[in-house]
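K.L.:
Just dropping this structure here.
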Amino acid sequence: MGRLITVDDLKKHYPVSRSLKEMVNGERPAVRALDGVSFELEERESIGLLGESGCGKTTTGRLILKLEEPTSGSVTVDGQPIARLKGKALKEFRKQAQLVFQNPFDALNPRLTMEQSLSEPLINAGAPKAEFSDRIAAVMKQARLPRIKEVLPKYPHQLSGGQLQRIVLARALILGPRFIVADEPVSMLDVSVRADILNLMRDIQRESSLSAIYISHDLALVRYVAKRTLVMYLGRIVEDGPTEEIVLRPQHPYTKALIAAVPVPRVDQDRGPLPIKGNVPDARRPPSGCRFHDRCPIAIARCSVEDPALLPSAPGHRVACHLVAKA
Ligand SMILES: Nc1ncnc2c1ncn2[C@@H]1O[C@H](COP(=O)(O)OP(=O)(O)O)[C@@H](O)[C@H]1O
Ligand SMILES: [Mg+2]
């Protein structure tokens, strides 16, 4: 397996409007959506980005897909920094990198039939018209959508949530991507069909040597589909390791709190709020030192002053905490 994606010290700061005091003081406030994230993704690997709402998961996905440009840092795919991609190379990248939307109703135009929705990416990529019907049939088979003739003339409102999510998946796969970013892929679906869709995504990945980044606030989902998990908190990765290690032996106090919230995570169950005090702090003014220190049950004085680096605690496992022993 080779390296597919390298994310290096990625930052995304969104400027926000200034208060009078900030104007007087010459400050330029920004939401630090992402504030120094580094990780790698191998070919055929699937990783999960896990964390509470607002921690920067979607921003990470959008930067990797080049839907937005970073404030600083880089994303490299196949050794090529994607920031420099233009023209033909950018078009090729757009085929290889696909987003699976969380809400099928956002992803599919209500006025287009399934056939039209599935044709759209082929048209945009300049595929020969003569290939359309075969390619659409093949990808529907891949997405386990039988009765192709019955489904193709239908509009989104005529299909079930599960069927729609299969179409969304088929649409993401039709150009033969090398990796997908699936942002909360089943959050809009009824719990009873979530496992079906996740199983399908897992099978497709195996069959087509696809890499995937699964984004979710739900540990059960990440555990289901990703062998490796990156836990994010306020624009940073706080822990990165094999998913089962993270579930069974979490190291970072934040990860421990996430795991404690779901002792036996299952994809067919919803869960309550986290058992940690307070809320995620304002991303305009992240706490000093370790960003988690004001909610951390074991913080010491050093934690409010010194920002912990993400360092190996065991082979293939990294943790950003002063109180976790380093390998
Ligand atoms: N376009 C934007 N402008 C300003 N702030 C944004 C924008 N997009 C995201 N943010 C902020 O960046 C932070 C991270 O957002 P996001 O990546 O969507 O988190 P997540 O997907 O983990 O919920 C949040 O504080 C969010 O409000
Ligand atoms: Mg999000």
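Residues are named by chain letter and number: chains run A, B, ... in the order of the structure tokens, numbers start at 1 in each chain, and ligands are numbered from 1 in the order shown.
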Need to verify the contact set: region 20-34 of chain A, 7 Å, only C-alpha atoms, exclusion of same-chain residues closer than 4 positions in sequence. Can you return it as JSON, numbers by chain?
P.N.:
{"A": [10, 11, 12, 13, 14, 15, 16, 55, 56, 59, 235, 236, 283, 284]}
K.L.:
Just write the chosen residues, all heavy atoms, as an mmCIF file, in the first residue's frame.
P.N.:
data_model
loop_
_atom_site.group_PDB
_atom_site.id
_atom_site.type_symbol
_atom_site.label_atom_id
_atom_site.label_comp_id
_atom_site.auth_asym_id
_atom_site.auth_seq_id
_atom_site.Cartn_x
_atom_site.Cartn_y
_atom_site.Cartn_z
ATOM 1 N N LEU A 10 -2.295 21.778 8.507
ATOM 2 C CA LEU A 10 -3.380 22.467 7.819
ATOM 3 C C LEU A 10 -4.123 23.414 8.756
ATOM 4 O O LEU A 10 -4.501 23.043 9.869
ATOM 5 C CB LEU A 10 -4.343 21.416 7.275
ATOM 6 C CG LEU A 10 -5.223 21.792 6.099
ATOM 7 C CD1 LEU A 10 -4.378 22.223 4.897
ATOM 8 C CD2 LEU A 10 -6.106 20.612 5.714
ATOM 9 N N LYS A 11 -4.306 24.662 8.281
ATOM 10 C CA LYS A 11 -5.064 25.653 9.053
ATOM 11 C C LYS A 11 -6.111 26.315 8.178
ATOM 12 O O LYS A 11 -5.868 26.573 7.005
ATOM 13 C CB LYS A 11 -4.129 26.737 9.605
ATOM 14 C CG LYS A 11 -3.142 26.196 10.618
ATOM 15 C CD LYS A 11 -2.308 27.277 11.266
ATOM 16 C CE LYS A 11 -1.307 26.608 12.211
ATOM 17 N NZ LYS A 11 -0.354 27.532 12.789
ATOM 18 N N LYS A 12 -7.267 26.559 8.771
ATOM 19 C CA LYS A 12 -8.287 27.340 8.084
ATOM 20 C C LYS A 12 -8.909 28.295 9.081
ATOM 21 O O LYS A 12 -9.560 27.874 10.045
ATOM 22 C CB LYS A 12 -9.369 26.418 7.502
ATOM 23 C CG LYS A 12 -10.465 27.154 6.763
ATOM 24 C CD LYS A 12 -9.966 27.781 5.466
ATOM 25 C CE LYS A 12 -11.042 28.532 4.721
ATOM 26 N NZ LYS A 12 -10.552 29.130 3.470
ATOM 27 N N HIS A 13 -8.648 29.563 8.889
ATOM 28 C CA HIS A 13 -9.209 30.599 9.765
ATOM 29 C C HIS A 13 -10.206 31.409 8.952
ATOM 30 O O HIS A 13 -9.876 31.888 7.874
ATOM 31 C CB HIS A 13 -8.097 31.518 10.299
ATOM 32 C CG HIS A 13 -7.124 30.799 11.191
ATOM 33 N ND1 HIS A 13 -6.050 31.414 11.766
ATOM 34 C CD2 HIS A 13 -7.071 29.516 11.613
ATOM 35 C CE1 HIS A 13 -5.366 30.548 12.498
ATOM 36 N NE2 HIS A 13 -5.963 29.379 12.412
ATOM 37 N N TYR A 14 -11.412 31.517 9.457
ATOM 38 C CA TYR A 14 -12.427 32.323 8.774
ATOM 39 C C TYR A 14 -12.500 33.687 9.443
ATOM 40 O O TYR A 14 -12.809 33.773 10.635
ATOM 41 C CB TYR A 14 -13.802 31.676 8.880
ATOM 42 C CG TYR A 14 -13.942 30.378 8.131
ATOM 43 C CD1 TYR A 14 -13.963 29.171 8.804
ATOM 44 C CD2 TYR A 14 -14.083 30.373 6.746
ATOM 45 C CE1 TYR A 14 -14.109 27.967 8.119
ATOM 46 C CE2 TYR A 14 -14.235 29.178 6.050
ATOM 47 C CZ TYR A 14 -14.249 27.981 6.743
ATOM 48 O OH TYR A 14 -14.398 26.810 6.069
ATOM 49 N N PRO A 15 -12.218 34.757 8.695
ATOM 50 C CA PRO A 15 -12.342 36.081 9.296
ATOM 51 C C PRO A 15 -13.802 36.342 9.684
ATOM 52 O O PRO A 15 -14.710 35.913 8.982
ATOM 53 C CB PRO A 15 -11.927 37.035 8.168
ATOM 54 C CG PRO A 15 -11.417 36.184 7.059
ATOM 55 C CD PRO A 15 -11.881 34.791 7.275
ATOM 56 N N VAL A 16 -14.012 36.999 10.814
ATOM 57 C CA VAL A 16 -15.377 37.361 11.216
ATOM 58 C C VAL A 16 -15.421 38.860 11.470
ATOM 59 O O VAL A 16 -14.388 39.498 11.664
ATOM 60 C CB VAL A 16 -15.830 36.578 12.486
ATOM 61 C CG1 VAL A 16 -16.113 35.135 12.132
ATOM 62 C CG2 VAL A 16 -14.806 36.659 13.591
ATOM 63 N N CYS A 55 -15.915 21.046 15.688
ATOM 64 C CA CYS A 55 -14.489 20.815 15.948
ATOM 65 C C CYS A 55 -13.636 20.883 14.684
ATOM 66 O O CYS A 55 -12.416 20.809 14.767
ATOM 67 C CB CYS A 55 -14.275 19.502 16.689
ATOM 68 S SG CYS A 55 -14.650 18.060 15.704
ATOM 69 N N GLY A 56 -14.274 21.003 13.513
ATOM 70 C CA GLY A 56 -13.489 21.196 12.292
ATOM 71 C C GLY A 56 -13.483 20.001 11.341
ATOM 72 O O GLY A 56 -12.688 19.965 10.395
ATOM 73 N N THR A 59 -14.694 21.032 7.737
ATOM 74 C CA THR A 59 -13.667 21.891 7.141
ATOM 75 C C THR A 59 -12.507 21.045 6.631
ATOM 76 O O THR A 59 -12.011 21.257 5.516
ATOM 77 C CB THR A 59 -13.177 22.923 8.177
ATOM 78 O OG1 THR A 59 -14.310 23.663 8.648
ATOM 79 C CG2 THR A 59 -12.161 23.875 7.583
ATOM 80 N N GLY A 235 -10.529 22.195 16.346
ATOM 81 C CA GLY A 235 -9.584 22.484 15.267
ATOM 82 C C GLY A 235 -8.284 21.711 15.297
ATOM 83 O O GLY A 235 -7.358 22.031 14.545
ATOM 84 N N ARG A 236 -8.207 20.730 16.171
ATOM 85 C CA ARG A 236 -6.973 19.942 16.310
ATOM 86 C C ARG A 236 -7.285 18.454 16.377
ATOM 87 O O ARG A 236 -8.387 18.078 16.762
ATOM 88 C CB ARG A 236 -6.276 20.292 17.628
ATOM 89 C CG ARG A 236 -5.690 21.676 17.703
ATOM 90 C CD ARG A 236 -4.280 21.662 17.124
ATOM 91 N NE ARG A 236 -3.701 22.998 17.162
ATOM 92 C CZ ARG A 236 -3.113 23.527 18.229
ATOM 93 N NH1 ARG A 236 -3.043 22.843 19.354
ATOM 94 N NH2 ARG A 236 -2.597 24.732 18.166
ATOM 95 N N ALA A 283 -14.541 29.002 19.027
ATOM 96 C CA ALA A 283 -13.363 28.778 18.179
ATOM 97 C C ALA A 283 -12.678 30.088 17.783
ATOM 98 O O ALA A 283 -11.646 30.085 17.138
ATOM 99 C CB ALA A 283 -13.758 27.980 16.932
ATOM 100 N N ARG A 284 -13.255 31.235 18.167
ATOM 101 C CA ARG A 284 -12.572 32.516 17.954
ATOM 102 C C ARG A 284 -11.509 32.733 19.008
ATOM 103 O O ARG A 284 -10.527 33.423 18.778
ATOM 104 C CB ARG A 284 -13.573 33.678 18.039
ATOM 105 C CG ARG A 284 -14.503 33.768 16.861
ATOM 106 C CD ARG A 284 -15.491 34.887 17.060
ATOM 107 N NE ARG A 284 -14.836 36.152 17.378
ATOM 108 C CZ ARG A 284 -15.438 37.331 17.367
ATOM 109 N NH1 ARG A 284 -16.712 37.412 17.042
ATOM 110 N NH2 ARG A 284 -14.805 38.419 17.673
#
K.L.:
Leaving out Leu230 (chain A) and any residue of its chain fewer than 3 positions from it, which residues lie within 8 Å of it when counting only C-alpha atoms, given as an mmCIF file with all heavy atoms, in the first residue's frame?
P.N.:
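For reference, part_38.cif as written:
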data_model
loop_
_atom_site.group_PDB
_atom_site.id
_atom_site.type_symbol
_atom_site.label_atom_id
_atom_site.label_comp_id
_atom_site.auth_asym_id
_atom_site.auth_seq_id
_atom_site.Cartn_x
_atom_site.Cartn_y
_atom_site.Cartn_z
ATOM 1 N N ILE A 47 -10.380 5.935 7.232
ATOM 2 C CA ILE A 47 -10.210 6.524 8.552
ATOM 3 C C ILE A 47 -11.488 7.254 8.949
ATOM 4 O O ILE A 47 -12.282 7.650 8.099
ATOM 5 C CB ILE A 47 -9.004 7.497 8.630
ATOM 6 C CG1 ILE A 47 -9.158 8.643 7.632
ATOM 7 C CG2 ILE A 47 -7.703 6.749 8.425
ATOM 8 C CD1 ILE A 47 -8.100 9.718 7.832
ATOM 9 N N GLY A 48 -11.658 7.416 10.237
ATOM 10 C CA GLY A 48 -12.794 8.160 10.749
ATOM 11 C C GLY A 48 -12.312 9.450 11.378
ATOM 12 O O GLY A 48 -11.297 9.467 12.061
ATOM 13 N N LEU A 49 -13.029 10.542 11.120
ATOM 14 C CA LEU A 49 -12.791 11.803 11.843
ATOM 15 C C LEU A 49 -13.933 11.937 12.830
ATOM 16 O O LEU A 49 -15.091 12.056 12.430
ATOM 17 C CB LEU A 49 -12.821 13.007 10.903
ATOM 18 C CG LEU A 49 -11.726 13.189 9.870
ATOM 19 C CD1 LEU A 49 -11.888 14.554 9.195
ATOM 20 C CD2 LEU A 49 -10.361 13.083 10.500
ATOM 21 N N LEU A 50 -13.596 11.914 14.109
ATOM 22 C CA LEU A 50 -14.607 11.868 15.156
ATOM 23 C C LEU A 50 -14.495 13.095 16.052
ATOM 24 O O LEU A 50 -13.400 13.504 16.417
ATOM 25 C CB LEU A 50 -14.363 10.589 15.981
ATOM 26 C CG LEU A 50 -15.285 10.301 17.157
ATOM 27 C CD1 LEU A 50 -16.675 9.934 16.664
ATOM 28 C CD2 LEU A 50 -14.729 9.144 17.996
ATOM 29 N N ILE A 237 -6.272 17.629 16.072
ATOM 30 C CA ILE A 237 -6.392 16.196 16.351
ATOM 31 C C ILE A 237 -5.824 15.978 17.749
ATOM 32 O O ILE A 237 -4.705 16.395 18.036
ATOM 33 C CB ILE A 237 -5.583 15.358 15.342
ATOM 34 C CG1 ILE A 237 -6.146 15.544 13.940
ATOM 35 C CG2 ILE A 237 -5.603 13.875 15.732
ATOM 36 C CD1 ILE A 237 -5.275 14.935 12.850
ATOM 37 N N VAL A 238 -6.607 15.358 18.630
ATOM 38 C CA VAL A 238 -6.087 15.091 19.975
ATOM 39 C C VAL A 238 -5.647 13.637 20.140
ATOM 40 O O VAL A 238 -4.847 13.324 21.010
ATOM 41 C CB VAL A 238 -7.094 15.471 21.087
ATOM 42 C CG1 VAL A 238 -7.337 16.975 21.093
ATOM 43 C CG2 VAL A 238 -8.404 14.707 20.967
ATOM 44 N N GLU A 239 -6.186 12.757 19.286
ATOM 45 C CA GLU A 239 -5.762 11.360 19.350
ATOM 46 C C GLU A 239 -5.938 10.723 17.987
ATOM 47 O O GLU A 239 -6.898 11.006 17.272
ATOM 48 C CB GLU A 239 -6.572 10.600 20.421
ATOM 49 C CG GLU A 239 -6.102 9.164 20.626
ATOM 50 C CD GLU A 239 -6.511 8.566 21.975
ATOM 51 O OE1 GLU A 239 -7.141 9.265 22.791
ATOM 52 O OE2 GLU A 239 -6.180 7.382 22.193
ATOM 53 N N ASP A 240 -5.002 9.845 17.615
ATOM 54 C CA ASP A 240 -5.018 9.178 16.312
ATOM 55 C C ASP A 240 -4.510 7.767 16.536
ATOM 56 O O ASP A 240 -3.385 7.575 16.984
ATOM 57 C CB ASP A 240 -4.086 9.952 15.361
ATOM 58 C CG ASP A 240 -3.722 9.158 14.105
ATOM 59 O OD1 ASP A 240 -4.330 8.114 13.836
ATOM 60 O OD2 ASP A 240 -2.814 9.626 13.377
ATOM 61 N N GLY A 241 -5.350 6.774 16.255
ATOM 62 C CA GLY A 241 -4.895 5.406 16.455
ATOM 63 C C GLY A 241 -5.858 4.396 15.885
ATOM 64 O O GLY A 241 -6.908 4.756 15.347
#
K.L.:
My list of candidates is A:Leu234, A:Leu41, A:Ile197, A:Ile167. Which is closest to ligand 1 when distances are computed with only C-alpha atoms and all ligand atoms?
P.N.:
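Selected residue with least distance to ligand 1: A:Leu234.
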K.L.:
I'd like to know which of A:Ala257, A:Val193, A:Val75, A:Leu200 is closest to Ile298 (chain A), using only C-alpha atoms.
P.N.:
A:Ala257
K.L.:
Suppose you want the space between atom 20 (P, counted along the ligand's line) of ligand 1 and CA of Glu244 (chain A); what is it in Å?
P.N.:
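Spanning atom 20 (P, counted along the ligand's line) of ligand 1 to CA of Glu244 (chain A) is a straight-line distance of 23.0 Å.
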K.L.:
If we count only C-alpha atoms, what is near Ala212 (chain A) at a cut-off of 7 Å, once residues fewer than 2 positions away on the same chain are taken out, given as an MDAnalysis selection string?
P.N.:
chainID A and resid 45:47 179:181 210 214
K.L.:
Nearest residue to Ile64 (chain A) out of A:Pro287, A:Pro121, A:Pro104, A:Pro81, using only C-alpha atoms?
P.N.:
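Using only C-alpha atoms, Ile64 (chain A) sits closest to A:Pro81.
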K.L.:
What parts of region 5-235 of chain A does DSSP call helix (DSSP H, G or I)? I'd like the answer as a PyMOL selection string.
P.N.:
chain A and resi 20-24+57-64+82-84+87-96+104-107+114-124+129-142+148-151+156-158+161-173+191-208+219-225
K.L.:
Output C-alpha atoms of each residue in that selection to a file, as an mmCIF file, in the first residue's frame.
P.N.:
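What follows is the written file selection_15.cif:
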data_model
loop_
_atom_site.group_PDB
_atom_site.id
_atom_site.type_symbol
_atom_site.label_atom_id
_atom_site.label_comp_id
_atom_site.auth_asym_id
_atom_site.auth_seq_id
_atom_site.Cartn_x
_atom_site.Cartn_y
_atom_site.Cartn_z
ATOM 1 C CA LEU A 20 -15.743 48.171 18.097
ATOM 2 C CA LYS A 21 -13.172 47.225 20.737
ATOM 3 C CA GLU A 22 -11.426 44.918 18.299
ATOM 4 C CA MET A 23 -11.350 47.667 15.663
ATOM 5 C CA VAL A 24 -9.838 50.115 18.136
ATOM 6 C CA LYS A 57 -14.384 17.847 10.699
ATOM 7 C CA THR A 58 -16.306 19.213 7.725
ATOM 8 C CA THR A 59 -13.667 21.891 7.141
ATOM 9 C CA THR A 60 -10.990 19.178 6.986
ATOM 10 C CA GLY A 61 -13.040 17.257 4.421
ATOM 11 C CA ARG A 62 -13.665 20.333 2.275
ATOM 12 C CA LEU A 63 -9.988 21.282 2.245
ATOM 13 C CA ILE A 64 -8.938 17.754 1.227
ATOM 14 C CA ILE A 82 -3.428 20.033 -4.584
ATOM 15 C CA ALA A 83 -3.137 23.810 -4.103
ATOM 16 C CA ARG A 84 -1.275 23.984 -7.428
ATOM 17 C CA GLY A 87 -6.819 22.880 -15.802
ATOM 18 C CA LYS A 88 -6.616 19.240 -16.849
ATOM 19 C CA ALA A 89 -4.904 18.083 -13.664
ATOM 20 C CA LEU A 90 -7.601 19.733 -11.548
ATOM 21 C CA LYS A 91 -10.310 18.093 -13.638
ATOM 22 C CA GLU A 92 -8.649 14.701 -13.120
ATOM 23 C CA PHE A 93 -8.451 15.385 -9.362
ATOM 24 C CA ARG A 94 -12.176 16.206 -9.309
ATOM 25 C CA LYS A 95 -12.889 12.724 -10.719
ATOM 26 C CA GLN A 96 -10.666 11.021 -8.175
ATOM 27 C CA PRO A 104 -29.693 13.152 -0.131
ATOM 28 C CA PHE A 105 -32.118 16.037 -0.587
ATOM 29 C CA ASP A 106 -29.160 18.453 -0.737
ATOM 30 C CA ALA A 107 -27.247 16.209 -3.089
ATOM 31 C CA MET A 114 -32.424 9.523 -11.103
ATOM 32 C CA GLU A 115 -31.184 8.929 -14.625
ATOM 33 C CA GLN A 116 -30.499 12.641 -15.098
ATOM 34 C CA SER A 117 -28.815 12.925 -11.699
ATOM 35 C CA LEU A 118 -26.532 10.008 -12.492
ATOM 36 C CA SER A 119 -25.758 11.345 -15.980
ATOM 37 C CA GLU A 120 -24.676 14.745 -14.691
ATOM 38 C CA PRO A 121 -21.177 13.777 -13.493
ATOM 39 C CA LEU A 122 -20.593 11.898 -16.769
ATOM 40 C CA ILE A 123 -21.590 14.962 -18.784
ATOM 41 C CA ASN A 124 -19.339 17.211 -16.686
ATOM 42 C CA LYS A 129 -22.637 9.512 -24.484
ATOM 43 C CA ALA A 130 -22.648 5.932 -25.800
ATOM 44 C CA GLU A 131 -21.201 4.750 -22.461
ATOM 45 C CA PHE A 132 -23.796 6.384 -20.215
ATOM 46 C CA SER A 133 -26.350 3.604 -19.898
ATOM 47 C CA ASP A 134 -23.760 0.885 -19.245
ATOM 48 C CA ARG A 135 -21.923 2.970 -16.700
ATOM 49 C CA ILE A 136 -25.133 3.938 -14.920
ATOM 50 C CA ALA A 137 -26.259 0.305 -14.808
ATOM 51 C CA ALA A 138 -22.867 -0.818 -13.484
ATOM 52 C CA VAL A 139 -22.752 1.744 -10.717
ATOM 53 C CA MET A 140 -26.343 1.022 -9.681
ATOM 54 C CA LYS A 141 -25.428 -2.620 -9.393
ATOM 55 C CA GLN A 142 -22.460 -1.609 -7.280
ATOM 56 C CA ILE A 148 -32.751 -0.332 -12.525
ATOM 57 C CA LYS A 149 -35.452 0.382 -15.126
ATOM 58 C CA GLU A 150 -37.952 1.077 -12.382
ATOM 59 C CA VAL A 151 -35.711 3.484 -10.439
ATOM 60 C CA PRO A 156 -36.179 12.075 -5.397
ATOM 61 C CA HIS A 157 -39.536 12.368 -3.611
ATOM 62 C CA GLN A 158 -40.641 9.038 -5.088
ATOM 63 C CA GLY A 161 -34.335 7.519 2.247
ATOM 64 C CA GLY A 162 -32.267 4.352 1.911
ATOM 65 C CA GLN A 163 -32.723 4.213 -1.875
ATOM 66 C CA LEU A 164 -31.813 7.883 -2.174
ATOM 67 C CA GLN A 165 -28.660 7.404 -0.180
ATOM 68 C CA ARG A 166 -27.716 4.558 -2.533
ATOM 69 C CA ILE A 167 -28.216 6.903 -5.488
ATOM 70 C CA VAL A 168 -26.064 9.544 -3.782
ATOM 71 C CA LEU A 169 -23.401 6.893 -3.342
ATOM 72 C CA ALA A 170 -23.745 5.728 -6.945
ATOM 73 C CA ARG A 171 -23.350 9.303 -8.098
ATOM 74 C CA ALA A 172 -20.143 9.671 -6.084
ATOM 75 C CA LEU A 173 -18.789 6.414 -7.536
ATOM 76 C CA VAL A 191 -31.586 4.128 12.438
ATOM 77 C CA SER A 192 -33.010 0.901 10.991
ATOM 78 C CA VAL A 193 -31.341 1.401 7.589
ATOM 79 C CA ARG A 194 -28.059 2.958 8.749
ATOM 80 C CA ALA A 195 -26.272 -0.375 9.105
ATOM 81 C CA ASP A 196 -27.356 -1.408 5.566
ATOM 82 C CA ILE A 197 -25.825 1.681 4.012
ATOM 83 C CA LEU A 198 -22.649 1.420 6.083
ATOM 84 C CA ASN A 199 -22.289 -2.274 5.157
ATOM 85 C CA LEU A 200 -22.705 -1.310 1.549
ATOM 86 C CA MET A 201 -20.018 1.356 1.794
ATOM 87 C CA ARG A 202 -17.686 -1.126 3.429
ATOM 88 C CA ASP A 203 -18.319 -3.709 0.687
ATOM 89 C CA ILE A 204 -17.835 -1.166 -2.081
ATOM 90 C CA GLN A 205 -14.548 -0.087 -0.565
ATOM 91 C CA ARG A 206 -13.332 -3.653 -0.504
ATOM 92 C CA GLU A 207 -14.443 -4.339 -4.079
ATOM 93 C CA SER A 208 -13.064 -1.189 -5.639
ATOM 94 C CA LEU A 219 -18.376 6.756 17.562
ATOM 95 C CA ALA A 220 -20.558 3.786 16.618
ATOM 96 C CA LEU A 221 -20.473 4.790 12.954
ATOM 97 C CA VAL A 222 -16.738 5.333 12.917
ATOM 98 C CA ARG A 223 -16.169 2.008 14.656
ATOM 99 C CA TYR A 224 -18.301 0.287 12.054
ATOM 100 C CA VAL A 225 -16.451 1.515 8.990
#
K.L.:
As an exercise, work out the distance from CA of His317 (chain A) to CA of Asp35 (chain A) in Å and give it to one decimal place.
P.N.:
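A separation of 20.3 Å between them.
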K.L.:
From the DSSP assignment of the backbone, select every residue of region 93-292 of chain A that is strand (DSSP E or B), and format the answer as a PDB file with C-alpha atoms, in the first residue's frame.
P.N.:
ATOM      1  CA  ALA A  97     -11.924  12.812  -5.081  1.00  0.00           C
ATOM      2  CA  GLN A  98     -15.634  12.622  -4.319  1.00  0.00           C
ATOM      3  CA  LEU A  99     -17.896  13.876  -1.571  1.00  0.00           C
ATOM      4  CA  VAL A 100     -20.790  11.789  -0.280  1.00  0.00           C
ATOM      5  CA  PHE A 179     -11.122   8.316  -2.445  1.00  0.00           C
ATOM      6  CA  ILE A 180     -14.350   9.559  -0.965  1.00  0.00           C
ATOM      7  CA  VAL A 181     -15.096  11.886   1.896  1.00  0.00           C
ATOM      8  CA  ALA A 182     -18.358  10.801   3.542  1.00  0.00           C
ATOM      9  CA  ASP A 183     -19.579  13.575   5.828  1.00  0.00           C
ATOM     10  CA  SER A 211      -9.912   4.977   0.281  1.00  0.00           C
ATOM     11  CA  ALA A 212     -12.383   6.774   2.500  1.00  0.00           C
ATOM     12  CA  ILE A 213     -12.574   9.452   5.131  1.00  0.00           C
ATOM     13  CA  TYR A 214     -15.687   9.039   7.241  1.00  0.00           C
ATOM     14  CA  ILE A 215     -16.713  12.115   9.175  1.00  0.00           C
ATOM     15  CA  SER A 216     -19.002  11.704  12.150  1.00  0.00           C
ATOM     16  CA  ARG A 228      -8.280   4.011  12.205  1.00  0.00           C
ATOM     17  CA  THR A 229      -9.796   6.971  14.011  1.00  0.00           C
ATOM     18  CA  LEU A 230      -8.685  10.565  14.410  1.00  0.00           C
ATOM     19  CA  VAL A 231     -10.362  12.291  17.331  1.00  0.00           C
ATOM     20  CA  MET A 232     -10.726  16.044  16.832  1.00  0.00           C
ATOM     21  CA  TYR A 233     -11.273  18.799  19.345  1.00  0.00           C
ATOM     22  CA  ARG A 236      -6.973  19.942  16.310  1.00  0.00           C
ATOM     23  CA  ILE A 237      -6.392  16.196  16.351  1.00  0.00           C
ATOM     24  CA  VAL A 238      -6.087  15.091  19.975  1.00  0.00           C
ATOM     25  CA  GLU A 239      -5.762  11.360  19.350  1.00  0.00           C
ATOM     26  CA  ASP A 240      -5.018   9.178  16.312  1.00  0.00           C
ATOM     27  CA  GLY A 241      -4.895   5.406  16.455  1.00  0.00           C
ATOM     28  CA  PRO A 242      -6.419   2.044  15.543  1.00  0.00           C
TER      29      PRO A 242
END
K.L.:
Which one is closest to ligand 2: A:His252, A:Lys66, A:His217, A:Arg18? Count only C-alpha atoms and all ligand atoms.
P.N.:
A:His217
